[in-house]
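Okay, target_3.pdb now, which holds PDB, C-alpha atoms:
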```
ATOM      1  CA  MET G  24     -19.486 -18.490   9.358  1.00  0.00           C
ATOM      2  CA  LYS G  25     -22.139 -15.808   9.781  1.00  0.00           C
ATOM      3  CA  ASN G  26     -19.675 -13.764  11.864  1.00  0.00           C
ATOM      4  CA  ALA G  27     -17.131 -13.801   9.031  1.00  0.00           C
ATOM      5  CA  GLY G  28     -19.853 -12.418   6.754  1.00  0.00           C
ATOM      6  CA  LEU G  29     -20.596  -9.617   9.213  1.00  0.00           C
ATOM      7  CA  LEU G  30     -16.912  -8.760   9.564  1.00  0.00           C
ATOM      8  CA  ASP G  31     -16.410  -8.827   5.805  1.00  0.00           C
ATOM      9  CA  GLY G  32     -19.482  -6.603   5.409  1.00  0.00           C
ATOM     10  CA  LEU G  33     -17.983  -4.061   7.831  1.00  0.00           C
ATOM     11  CA  ILE G  34     -14.633  -4.118   6.021  1.00  0.00           C
ATOM     12  CA  GLN G  35     -16.327  -3.657   2.642  1.00  0.00           C
ATOM     13  CA  ALA G  36     -18.407  -0.766   4.037  1.00  0.00           C
ATOM     14  CA  LEU G  37     -15.279   0.958   5.347  1.00  0.00           C
ATOM     15  CA  ARG G  38     -13.602   0.549   1.939  1.00  0.00           C
ATOM     16  CA  ARG G  39     -16.230   2.860   0.455  1.00  0.00           C
ATOM     17  CA  LEU G  40     -14.549   5.803   2.199  1.00  0.00           C
ATOM     18  CA  PRO G  41     -12.135   7.794   0.000  1.00  0.00           C
ATOM     19  CA  GLY G  42      -8.517   6.797   0.463  1.00  0.00           C
ATOM     20  CA  VAL G  43      -9.324   3.631   2.422  1.00  0.00           C
ATOM     21  CA  GLY G  44      -7.911   0.492   0.853  1.00  0.00           C
ATOM     22  CA  PRO G  45      -8.377  -3.122   1.940  1.00  0.00           C
ATOM     23  CA  LYS G  46      -5.630  -3.109   4.605  1.00  0.00           C
ATOM     24  CA  SER G  47      -6.770   0.171   6.163  1.00  0.00           C
ATOM     25  CA  ALA G  48     -10.377  -1.014   6.175  1.00  0.00           C
ATOM     26  CA  GLN G  49      -9.303  -4.195   7.991  1.00  0.00           C
ATOM     27  CA  ARG G  50      -7.315  -2.215  10.560  1.00  0.00           C
ATOM     28  CA  TYR G  51     -10.271   0.158  11.187  1.00  0.00           C
ATOM     29  CA  ALA G  52     -12.722  -2.717  11.536  1.00  0.00           C
ATOM     30  CA  TYR G  53     -10.546  -4.664  13.969  1.00  0.00           C
ATOM     31  CA  HIS G  54      -9.728  -1.534  15.960  1.00  0.00           C
ATOM     32  CA  LEU G  55     -13.382  -0.580  16.353  1.00  0.00           C
ATOM     33  CA  LEU G  56     -14.435  -4.116  17.303  1.00  0.00           C
ATOM     34  CA  GLN G  57     -11.497  -4.913  19.576  1.00  0.00           C
ATOM     35  CA  HIS G  58     -10.548  -1.599  21.191  1.00  0.00           C
ATOM     36  CA  ASP G  59     -13.335   0.938  20.718  1.00  0.00           C
ATOM     37  CA  ARG G  60     -16.782  -0.616  20.690  1.00  0.00           C
ATOM     38  CA  GLU G  61     -18.215   2.553  22.240  1.00  0.00           C
ATOM     39  CA  GLY G  62     -16.656   4.592  19.427  1.00  0.00           C
ATOM     40  CA  ALA G  63     -18.131   2.171  16.892  1.00  0.00           C
ATOM     41  CA  ARG G  64     -21.583   2.595  18.473  1.00  0.00           C
ATOM     42  CA  HIS G  65     -21.190   6.368  18.441  1.00  0.00           C
ATOM     43  CA  LEU G  66     -20.078   6.295  14.775  1.00  0.00           C
ATOM     44  CA  SER G  67     -23.055   4.115  13.869  1.00  0.00           C
ATOM     45  CA  GLU G  68     -25.535   6.383  15.666  1.00  0.00           C
ATOM     46  CA  ALA G  69     -24.016   9.574  14.219  1.00  0.00           C
ATOM     47  CA  LEU G  70     -24.135   8.164  10.696  1.00  0.00           C
ATOM     48  CA  ALA G  71     -27.737   6.974  11.104  1.00  0.00           C
ATOM     49  CA  GLY G  72     -28.712  10.371  12.534  1.00  0.00           C
ATOM     50  CA  ALA G  73     -27.030  12.264   9.696  1.00  0.00           C
ATOM     51  CA  LEU G  74     -28.700  10.076   7.071  1.00  0.00           C
ATOM     52  CA  ALA G  75     -32.103  10.568   8.686  1.00  0.00           C
ATOM     53  CA  GLY G  76     -31.832  14.258   9.602  1.00  0.00           C
ATOM     54  CA  LEU G  77     -29.734  16.016   6.970  1.00  0.00           C
ATOM     55  CA  ARG G  78     -31.166  17.409   3.752  1.00  0.00           C
ATOM     56  CA  ARG G  79     -30.149  19.990   1.175  1.00  0.00           C
ATOM     57  CA  CYS G  80     -30.443  23.705   1.924  1.00  0.00           C
ATOM     58  CA  GLN G  81     -33.121  25.201  -0.324  1.00  0.00           C
ATOM     59  CA  ARG G  82     -30.916  28.178  -1.191  1.00  0.00           C
ATOM     60  CA  CYS G  83     -27.347  26.900  -1.473  1.00  0.00           C
ATOM     61  CA  ASN G  84     -27.775  23.117  -1.855  1.00  0.00           C
ATOM     62  CA  THR G  85     -25.343  22.178   0.958  1.00  0.00           C
ATOM     63  CA  PHE G  86     -26.169  19.723   3.735  1.00  0.00           C
ATOM     64  CA  SER G  87     -28.297  21.149   6.542  1.00  0.00           C
ATOM     65  CA  ASP G  88     -30.626  19.991   9.276  1.00  0.00           C
ATOM     66  CA  GLN G  89     -32.895  22.957   8.461  1.00  0.00           C
ATOM     67  CA  ALA G  90     -34.664  23.999   5.245  1.00  0.00           C
ATOM     68  CA  ILE G  91     -32.308  27.025   5.062  1.00  0.00           C
ATOM     69  CA  CYS G  92     -28.771  26.479   6.364  1.00  0.00           C
ATOM     70  CA  GLU G  93     -27.132  28.666   8.993  1.00  0.00           C
ATOM     71  CA  THR G  94     -24.902  30.430   6.430  1.00  0.00           C
ATOM     72  CA  CYS G  95     -27.797  31.362   4.131  1.00  0.00           C
ATOM     73  CA  ALA G  96     -29.886  32.527   7.096  1.00  0.00           C
ATOM     74  CA  SER G  97     -27.133  34.794   8.446  1.00  0.00           C
ATOM     75  CA  THR G  98     -27.729  38.548   8.216  1.00  0.00           C
ATOM     76  CA  ARG G  99     -23.967  39.143   8.492  1.00  0.00           C
ATOM     77  CA  ARG G 100     -23.234  37.730   5.037  1.00  0.00           C
ATOM     78  CA  ASP G 101     -23.062  39.836   1.845  1.00  0.00           C
ATOM     79  CA  PRO G 102     -25.937  38.540  -0.323  1.00  0.00           C
ATOM     80  CA  SER G 103     -24.567  40.255  -3.443  1.00  0.00           C
ATOM     81  CA  LEU G 104     -21.608  37.811  -3.579  1.00  0.00           C
ATOM     82  CA  LEU G 105     -22.244  34.185  -4.517  1.00  0.00           C
ATOM     83  CA  CYS G 106     -19.384  31.671  -4.422  1.00  0.00           C
ATOM     84  CA  VAL G 107     -19.945  28.476  -6.418  1.00  0.00           C
ATOM     85  CA  VAL G 108     -18.079  25.393  -5.153  1.00  0.00           C
ATOM     86  CA  GLU G 109     -18.186  21.726  -6.094  1.00  0.00           C
ATOM     87  CA  THR G 110     -18.671  20.116  -2.673  1.00  0.00           C
ATOM     88  CA  PRO G 111     -19.573  20.934   0.944  1.00  0.00           C
ATOM     89  CA  SER G 112     -15.946  20.186   1.901  1.00  0.00           C
ATOM     90  CA  ASP G 113     -14.799  22.846  -0.600  1.00  0.00           C
ATOM     91  CA  GLN G 114     -17.260  25.277   1.000  1.00  0.00           C
ATOM     92  CA  LEU G 115     -15.807  24.471   4.423  1.00  0.00           C
ATOM     93  CA  MET G 116     -12.276  25.137   3.184  1.00  0.00           C
ATOM     94  CA  VAL G 117     -13.260  28.539   1.772  1.00  0.00           C
ATOM     95  CA  GLU G 118     -15.028  29.355   5.053  1.00  0.00           C
ATOM     96  CA  GLN G 119     -11.938  28.467   7.076  1.00  0.00           C
ATOM     97  CA  THR G 120      -9.926  31.112   5.239  1.00  0.00           C
ATOM     98  CA  LEU G 121     -12.139  33.865   6.745  1.00  0.00           C
ATOM     99  CA  ALA G 122     -11.544  35.704   3.433  1.00  0.00           C
ATOM    100  CA  PHE G 123     -15.107  35.443   2.094  1.00  0.00           C
ATOM    101  CA  GLN G 124     -18.256  36.857   3.673  1.00  0.00           C
ATOM    102  CA  GLY G 125     -20.759  36.252   0.885  1.00  0.00           C
ATOM    103  CA  LEU G 126     -23.066  33.311   0.264  1.00  0.00           C
ATOM    104  CA  TYR G 127     -22.549  29.982  -1.491  1.00  0.00           C
ATOM    105  CA  TYR G 128     -23.994  27.574  -3.981  1.00  0.00           C
ATOM    106  CA  VAL G 129     -22.766  23.962  -3.773  1.00  0.00           C
ATOM    107  CA  LEU G 130     -22.939  22.041  -7.044  1.00  0.00           C
ATOM    108  CA  MET G 131     -22.489  18.617  -5.396  1.00  0.00           C
ATOM    109  CA  GLY G 132     -20.241  17.690  -8.304  1.00  0.00           C
ATOM    110  CA  ARG G 133     -18.856  18.990 -11.576  1.00  0.00           C
ATOM    111  CA  LEU G 134     -19.623  18.508 -15.230  1.00  0.00           C
ATOM    112  CA  SER G 135     -18.224  15.219 -16.458  1.00  0.00           C
ATOM    113  CA  PRO G 136     -19.996  13.927 -19.564  1.00  0.00           C
ATOM    114  CA  LEU G 137     -17.947  10.717 -19.602  1.00  0.00           C
ATOM    115  CA  ASP G 138     -19.321   9.907 -16.145  1.00  0.00           C
ATOM    116  CA  GLY G 139     -22.869  10.907 -17.070  1.00  0.00           C
ATOM    117  CA  VAL G 140     -22.765  14.157 -15.058  1.00  0.00           C
ATOM    118  CA  GLY G 141     -24.406  16.959 -16.993  1.00  0.00           C
ATOM    119  CA  PRO G 142     -26.038  20.302 -16.140  1.00  0.00           C
ATOM    120  CA  ARG G 143     -29.101  18.651 -14.582  1.00  0.00           C
ATOM    121  CA  GLU G 144     -26.990  16.576 -12.182  1.00  0.00           C
ATOM    122  CA  ILE G 145     -25.195  19.633 -10.789  1.00  0.00           C
ATOM    123  CA  GLY G 146     -28.397  21.630 -10.261  1.00  0.00           C
ATOM    124  CA  LEU G 147     -27.807  24.160 -13.032  1.00  0.00           C
ATOM    125  CA  GLU G 148     -31.387  25.466 -13.071  1.00  0.00           C
ATOM    126  CA  GLN G 149     -31.370  26.030  -9.304  1.00  0.00           C
ATOM    127  CA  LEU G 150     -28.006  27.826  -9.528  1.00  0.00           C
ATOM    128  CA  LEU G 151     -29.200  30.102 -12.352  1.00  0.00           C
ATOM    129  CA  ALA G 152     -32.374  30.947 -10.424  1.00  0.00           C
ATOM    130  CA  ARG G 153     -30.340  31.661  -7.276  1.00  0.00           C
ATOM    131  CA  ALA G 154     -27.803  33.842  -9.122  1.00  0.00           C
ATOM    132  CA  SER G 155     -30.539  35.730 -11.011  1.00  0.00           C
ATOM    133  CA  ASP G 156     -32.516  36.694  -7.894  1.00  0.00           C
ATOM    134  CA  GLY G 157     -31.832  40.416  -8.387  1.00  0.00           C
ATOM    135  CA  VAL G 158     -29.597  40.582  -5.294  1.00  0.00           C
ATOM    136  CA  VAL G 159     -26.496  38.744  -6.529  1.00  0.00           C
ATOM    137  CA  THR G 160     -24.140  41.014  -8.507  1.00  0.00           C
ATOM    138  CA  GLU G 161     -20.988  38.877  -8.595  1.00  0.00           C
ATOM    139  CA  VAL G 162     -20.583  35.110  -8.912  1.00  0.00           C
ATOM    140  CA  ILE G 163     -17.207  33.704  -7.887  1.00  0.00           C
ATOM    141  CA  LEU G 164     -16.484  30.387  -9.568  1.00  0.00           C
ATOM    142  CA  ALA G 165     -14.440  28.385  -7.064  1.00  0.00           C
ATOM    143  CA  THR G 166     -14.541  25.030  -8.787  1.00  0.00           C
ATOM    144  CA  ASN G 167     -11.432  22.885  -8.547  1.00  0.00           C
ATOM    145  CA  PHE G 168      -8.510  23.389 -10.923  1.00  0.00           C
ATOM    146  CA  THR G 169      -8.991  20.021 -12.610  1.00  0.00           C
ATOM    147  CA  GLN G 170     -10.062  19.517 -16.215  1.00  0.00           C
ATOM    148  CA  GLU G 171     -13.663  18.922 -15.142  1.00  0.00           C
ATOM    149  CA  GLY G 172     -13.590  21.858 -12.725  1.00  0.00           C
ATOM    150  CA  GLU G 173     -12.218  24.176 -15.399  1.00  0.00           C
ATOM    151  CA  ALA G 174     -14.830  22.997 -17.919  1.00  0.00           C
ATOM    152  CA  THR G 175     -17.567  23.501 -15.328  1.00  0.00           C
ATOM    153  CA  ALA G 176     -16.331  27.028 -14.533  1.00  0.00           C
ATOM    154  CA  HIS G 177     -16.165  27.933 -18.227  1.00  0.00           C
ATOM    155  CA  TYR G 178     -19.678  26.613 -18.925  1.00  0.00           C
ATOM    156  CA  LEU G 179     -21.205  28.317 -15.880  1.00  0.00           C
ATOM    157  CA  GLY G 180     -19.316  31.544 -16.567  1.00  0.00           C
ATOM    158  CA  GLU G 181     -20.763  31.831 -20.067  1.00  0.00           C
ATOM    159  CA  LEU G 182     -24.320  31.265 -18.836  1.00  0.00           C
ATOM    160  CA  LEU G 183     -24.000  33.678 -15.909  1.00  0.00           C
ATOM    161  CA  ARG G 184     -22.371  36.456 -17.972  1.00  0.00           C
ATOM    162  CA  ALA G 185     -25.241  36.147 -20.462  1.00  0.00           C
ATOM    163  CA  ARG G 186     -27.547  37.070 -17.567  1.00  0.00           C
ATOM    164  CA  GLY G 187     -25.582  40.271 -16.915  1.00  0.00           C
ATOM    165  CA  LEU G 188     -23.730  39.062 -13.827  1.00  0.00           C
ATOM    166  CA  ALA G 189     -20.094  39.810 -13.050  1.00  0.00           C
ATOM    167  CA  VAL G 190     -18.272  36.481 -13.010  1.00  0.00           C
ATOM    168  CA  THR G 191     -14.866  35.972 -11.408  1.00  0.00           C
ATOM    169  CA  ARG G 192     -12.661  32.926 -10.954  1.00  0.00           C
ATOM    170  CA  LEU G 193     -10.281  32.102  -8.118  1.00  0.00           C
ATOM    171  CA  ALA G 194      -6.763  33.282  -8.877  1.00  0.00           C
ATOM    172  CA  ARG G 195      -4.143  30.713  -9.737  1.00  0.00           C
ATOM    173  CA  GLY G 196      -2.695  30.579  -6.236  1.00  0.00           C
ATOM    174  CA  VAL G 197      -4.396  27.208  -6.044  1.00  0.00           C
ATOM    175  CA  PRO G 198      -2.228  24.714  -7.959  1.00  0.00           C
ATOM    176  CA  MET G 199      -3.570  23.210 -11.175  1.00  0.00           C
ATOM    177  CA  GLY G 200      -4.884  19.698 -10.662  1.00  0.00           C
ATOM    178  CA  SER G 201      -5.566  20.228  -6.967  1.00  0.00           C
ATOM    179  CA  GLU G 202      -8.822  20.008  -5.055  1.00  0.00           C
ATOM    180  CA  LEU G 203      -9.750  22.713  -2.545  1.00  0.00           C
ATOM    181  CA  GLU G 204     -10.270  20.150   0.204  1.00  0.00           C
ATOM    182  CA  TYR G 205      -6.513  19.422   0.167  1.00  0.00           C
ATOM    183  CA  VAL G 206      -5.168  22.980  -0.249  1.00  0.00           C
ATOM    184  CA  ASP G 207      -4.050  24.948   2.802  1.00  0.00           C
ATOM    185  CA  ALA G 208      -6.267  27.797   3.993  1.00  0.00           C
ATOM    186  CA  SER G 209      -3.734  30.594   3.348  1.00  0.00           C
ATOM    187  CA  THR G 210      -3.402  29.587  -0.326  1.00  0.00           C
ATOM    188  CA  ILE G 211      -7.185  29.604  -0.734  1.00  0.00           C
ATOM    189  CA  ALA G 212      -7.408  32.970   1.048  1.00  0.00           C
ATOM    190  CA  GLN G 213      -4.850  34.485  -1.351  1.00  0.00           C
ATOM    191  CA  ALA G 214      -6.647  33.008  -4.352  1.00  0.00           C
ATOM    192  CA  MET G 215      -9.945  34.471  -3.084  1.00  0.00           C
ATOM    193  CA  ARG G 216      -8.392  37.949  -2.693  1.00  0.00           C
ATOM    194  CA  ASP G 217      -6.747  37.789  -6.135  1.00  0.00           C
ATOM    195  CA  ARG G 218      -9.754  36.458  -8.017  1.00  0.00           C
ATOM    196  CA  ARG G 219     -10.293  37.873 -11.479  1.00  0.00           C
TER     197      ARG G 219
END
```
Final structure tokens representation of the file:
Amino acid sequence: MKNAGLLDGLIQALRRLPGVGPKSAQRYAYHLLQHDREGARHLSEALAGALAGLRRCQRCNTFSDQAICETCASTRRDPSLLCVVETPSDQLMVEQTLAFQGLYYVLMGRLSPLDGVGPREIGLEQLLARASDGVVTEVILATNFTQEGEATAHYLGELLRARGLAVTRLARGVPMGSELEYVDASTIAQAMRDRR
């Protein structure tokens, strides 16, 4: 029954994806094996390549195949504006609005003491160094409107204001309890324009 173990291993691996339950994982596994073996090979190679080749940008902490990501290296961006987001997918959503032309810092999480996520785990020292580089004049806190996101924004805001930086927060166009990844681009664009 070695094959059953391999199939079960694939199903369990697919279940690790957000929003994928046991039935969906089974359907994906059977589809890839039965109808799209080339797609499965491509997925496997792309995942292996990403794991081997991607690292964190030295300036903004997002995923990049270079030491400095394309956004941070761009001369078209306004280096005086720094937008702090929780995840690379949140950064992508803000980018898709075309409403922000500054730079980013990606926390790769949010403060959550109950889950063991504190300032060290979200790269607080790197963020403070980045925001205090003498170029940044405004930090836009674009954390999610969840309890943890709000707590993270409040904590970061206090520390950044103490360093003499202007700190703004996305306006409440983004519904409370929502995550940027799931909010439409026009809502995020309006929230970015109406930040306070």
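The coordinates place CA of Glu202 (chain G) at 28.5 Å from CA of Ser67 (chain G).
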Handout entry: Polymer residues at most 6 Å from (-19.0, 24.4, -11.6) by only C-alpha atoms, as a VMD selection string
Key = chain G and resid 133 166 175 to 176
Handout entry: All residues 12 Å or closer to Asp113 (chain G), all atoms listed in the file, same chain fewer than 5 positions away omitted, as a list in words
Key =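 That gives Thr85, Cys106, Val107, Val108, Glu118, Gln119, Thr120, Tyr127, Tyr128, Val129, Leu130, Met131, Gly132, Leu164, Ala165, Thr166, Asn167, Ser201, Glu202, Leu203, Glu204, Tyr205, Val206, Asp207, Ala208 and Ile211 of chain G.
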Practice task
Please evaluate the PyMOL selection byres ((chain G and resi 141) around 12) against the structure above and give the resulting residues as a ChimeraX atom specification.
Solution key: /G:130-140,142-148,171,174-175,178-179
Problem - Coordinates-based distance that separates CA of Ala212 (chain G) from CA of Ser97 (chain G) (Å, one decimal) - result: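 These atoms are spaced 21.1 Å apart.
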Handout entry: Given the PyMOL selection byres ((chain G and resi 90) around 6), the residues it picks as a PyMOL selection string
Key = chain G and resi 80-81+89+91
Exercise for the section: Quick one: pull the distance between CA of Leu74 (chain G) and CA of Arg60 (chain G), Å, one decimal. Expected result: 21.0 Å
Handout entry: Given the PyMOL selection byres ((chain G and resi 37) around 12), the residues it picks as a list in words
Key =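 That expression, the PyMOL selection byres ((chain G and resi 37) around 12), corresponds here to Leu30, Asp31, Gly32, Leu33, Ile34, Gln35, Ala36, Arg38, Arg39, Leu40, Pro41, Gly42, Val43, Gly44, Pro45, Lys46, Ser47, Ala48, Gln49, Arg50, Tyr51, Ala52, Tyr53, Leu55, Ala63, Leu66 and Ser67 of chain G.
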Selection file, C-alpha atoms, as a PDB file, keeping the file's coordinate frame:
```
ATOM      1  CA  LEU G  30     -16.912  -8.760   9.564  1.00  0.00           C
ATOM      2  CA  ASP G  31     -16.410  -8.827   5.805  1.00  0.00           C
ATOM      3  CA  GLY G  32     -19.482  -6.603   5.409  1.00  0.00           C
ATOM      4  CA  LEU G  33     -17.983  -4.061   7.831  1.00  0.00           C
ATOM      5  CA  ILE G  34     -14.633  -4.118   6.021  1.00  0.00           C
ATOM      6  CA  GLN G  35     -16.327  -3.657   2.642  1.00  0.00           C
ATOM      7  CA  ALA G  36     -18.407  -0.766   4.037  1.00  0.00           C
ATOM      8  CA  ARG G  38     -13.602   0.549   1.939  1.00  0.00           C
ATOM      9  CA  ARG G  39     -16.230   2.860   0.455  1.00  0.00           C
ATOM     10  CA  LEU G  40     -14.549   5.803   2.199  1.00  0.00           C
ATOM     11  CA  PRO G  41     -12.135   7.794   0.000  1.00  0.00           C
ATOM     12  CA  GLY G  42      -8.517   6.797   0.463  1.00  0.00           C
ATOM     13  CA  VAL G  43      -9.324   3.631   2.422  1.00  0.00           C
ATOM     14  CA  GLY G  44      -7.911   0.492   0.853  1.00  0.00           C
ATOM     15  CA  PRO G  45      -8.377  -3.122   1.940  1.00  0.00           C
ATOM     16  CA  LYS G  46      -5.630  -3.109   4.605  1.00  0.00           C
ATOM     17  CA  SER G  47      -6.770   0.171   6.163  1.00  0.00           C
ATOM     18  CA  ALA G  48     -10.377  -1.014   6.175  1.00  0.00           C
ATOM     19  CA  GLN G  49      -9.303  -4.195   7.991  1.00  0.00           C
ATOM     20  CA  ARG G  50      -7.315  -2.215  10.560  1.00  0.00           C
ATOM     21  CA  TYR G  51     -10.271   0.158  11.187  1.00  0.00           C
ATOM     22  CA  ALA G  52     -12.722  -2.717  11.536  1.00  0.00           C
ATOM     23  CA  TYR G  53     -10.546  -4.664  13.969  1.00  0.00           C
ATOM     24  CA  LEU G  55     -13.382  -0.580  16.353  1.00  0.00           C
ATOM     25  CA  ALA G  63     -18.131   2.171  16.892  1.00  0.00           C
ATOM     26  CA  LEU G  66     -20.078   6.295  14.775  1.00  0.00           C
ATOM     27  CA  SER G  67     -23.055   4.115  13.869  1.00  0.00           C
TER      28      SER G  67
END
```
Axis-aligned box for all listed atoms of region 47-59 of chain G, 3 Å per side, centre and edges in Å to one decimal, as JSON:
```
{"center_x": -10.6, "center_y": -2.0, "center_z": 13.7, "size_x": 13.7, "size_y": 11.9, "size_z": 21.0}
```
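Using all atoms listed in the file, the nearest neighbour of Thr210 (chain G) within the list G:Arg184, G:Val190, G:Gly125, G:Met116 is G:Met116.
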Practice task
Using only C-alpha atoms, find the one residue out of G:Leu105, G:Ala69, G:Ala96, G:Ala194 that sits nearest to Ser155 (chain G).
Solution key: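 Closest to Ser155 (chain G), using only C-alpha atoms: G:Leu105.
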Practice task
Within 10 Å of (-21.9, 40.9, -6.6) (coordinates as in the file), grab all the protein and nucleic acid residues, counting only C-alpha atoms, and write them out as a PyMOL selection string.
Solution key: chain G and resi 101-106+125+154+158-163+188-191
Problem - Counting all atoms listed in the file, the option among G:Thr110, G:Leu29, G:Val197, G:Gln124 closest to Leu56 (chain G) - result: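 Closest residue, counting all atoms listed in the file: G:Leu29.
Remark: for Arg99 (chain G), the closest of the candidate residues G:Gly200, G:Ala73, G:Leu126, G:Gly28 is G:Leu126 (distances computed over all atoms listed in the file).
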Exercise for the section: Check the smallest atom-to-atom distance from each of G:Pro198, G:Gly180, G:Gly62, G:Gly187 to Asp156 (chain G) using only C-alpha atoms, then report the winner. Expected result: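 Counting only C-alpha atoms, the residue closest to Asp156 (chain G) is G:Gly187.
Using only C-alpha atoms, the smallest distance between any of G:Gln114, G:Thr169, G:Thr98, G:Ser209 and Asn84 (chain G) comes from G:Gln114.
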N, CA, C and O atoms are what I want for region 165-180 of chain G; can you complete it accordingly and write them as a short mmCIF file (atom, residue, chain, number, x, y, z; two decimals), keeping the file's coordinate frame?
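As a result, result_35.cif now contains:
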```cif
data_model
loop_
_atom_site.label_atom_id
_atom_site.label_comp_id
_atom_site.auth_asym_id
_atom_site.auth_seq_id
_atom_site.Cartn_x
_atom_site.Cartn_y
_atom_site.Cartn_z
N ALA G 165 -15.51 28.99 -7.86
CA ALA G 165 -14.44 28.38 -7.06
C ALA G 165 -14.44 26.87 -7.25
O ALA G 165 -14.26 26.12 -6.30
N THR G 166 -14.65 26.45 -8.50
CA THR G 166 -14.54 25.03 -8.79
C THR G 166 -13.06 24.64 -8.76
O THR G 166 -12.18 25.50 -8.84
N ASN G 167 -12.81 23.36 -8.64
CA ASN G 167 -11.43 22.88 -8.55
C ASN G 167 -10.68 23.11 -9.85
O ASN G 167 -11.28 23.20 -10.92
N PHE G 168 -9.36 23.16 -9.76
CA PHE G 168 -8.51 23.39 -10.92
C PHE G 168 -8.12 22.06 -11.56
O PHE G 168 -6.95 21.78 -11.78
N THR G 169 -9.15 21.26 -11.85
CA THR G 169 -8.99 20.02 -12.61
C THR G 169 -9.61 20.27 -13.98
O THR G 169 -10.26 21.30 -14.19
N GLN G 170 -9.46 19.33 -14.90
CA GLN G 170 -10.06 19.52 -16.22
C GLN G 170 -11.58 19.68 -16.11
O GLN G 170 -12.17 20.56 -16.74
N GLU G 171 -12.21 18.83 -15.29
CA GLU G 171 -13.66 18.92 -15.14
C GLU G 171 -14.07 20.21 -14.44
O GLU G 171 -15.05 20.84 -14.81
N GLY G 172 -13.29 20.62 -13.44
CA GLY G 172 -13.59 21.86 -12.72
C GLY G 172 -13.46 23.07 -13.62
O GLY G 172 -14.27 24.00 -13.57
N GLU G 173 -12.42 23.07 -14.45
CA GLU G 173 -12.22 24.18 -15.40
C GLU G 173 -13.35 24.22 -16.42
O GLU G 173 -13.86 25.29 -16.75
N ALA G 174 -13.74 23.06 -16.94
CA ALA G 174 -14.83 23.00 -17.92
C ALA G 174 -16.13 23.48 -17.29
O ALA G 174 -16.91 24.20 -17.91
N THR G 175 -16.36 23.08 -16.04
CA THR G 175 -17.57 23.50 -15.33
C THR G 175 -17.57 25.02 -15.14
O THR G 175 -18.58 25.68 -15.39
N ALA G 176 -16.43 25.58 -14.73
CA ALA G 176 -16.33 27.03 -14.53
C ALA G 176 -16.56 27.77 -15.84
O ALA G 176 -17.27 28.79 -15.88
N HIS G 177 -15.99 27.27 -16.93
CA HIS G 177 -16.16 27.93 -18.23
C HIS G 177 -17.64 27.90 -18.64
O HIS G 177 -18.19 28.94 -19.05
N TYR G 178 -18.27 26.77 -18.54
CA TYR G 178 -19.68 26.61 -18.92
C TYR G 178 -20.58 27.52 -18.08
O TYR G 178 -21.41 28.26 -18.62
N LEU G 179 -20.39 27.48 -16.76
CA LEU G 179 -21.20 28.32 -15.88
C LEU G 179 -20.94 29.80 -16.12
O LEU G 179 -21.87 30.61 -16.12
N GLY G 180 -19.67 30.15 -16.33
CA GLY G 180 -19.32 31.54 -16.57
C GLY G 180 -20.03 32.13 -17.77
O GLY G 180 -20.54 33.25 -17.72
#
```
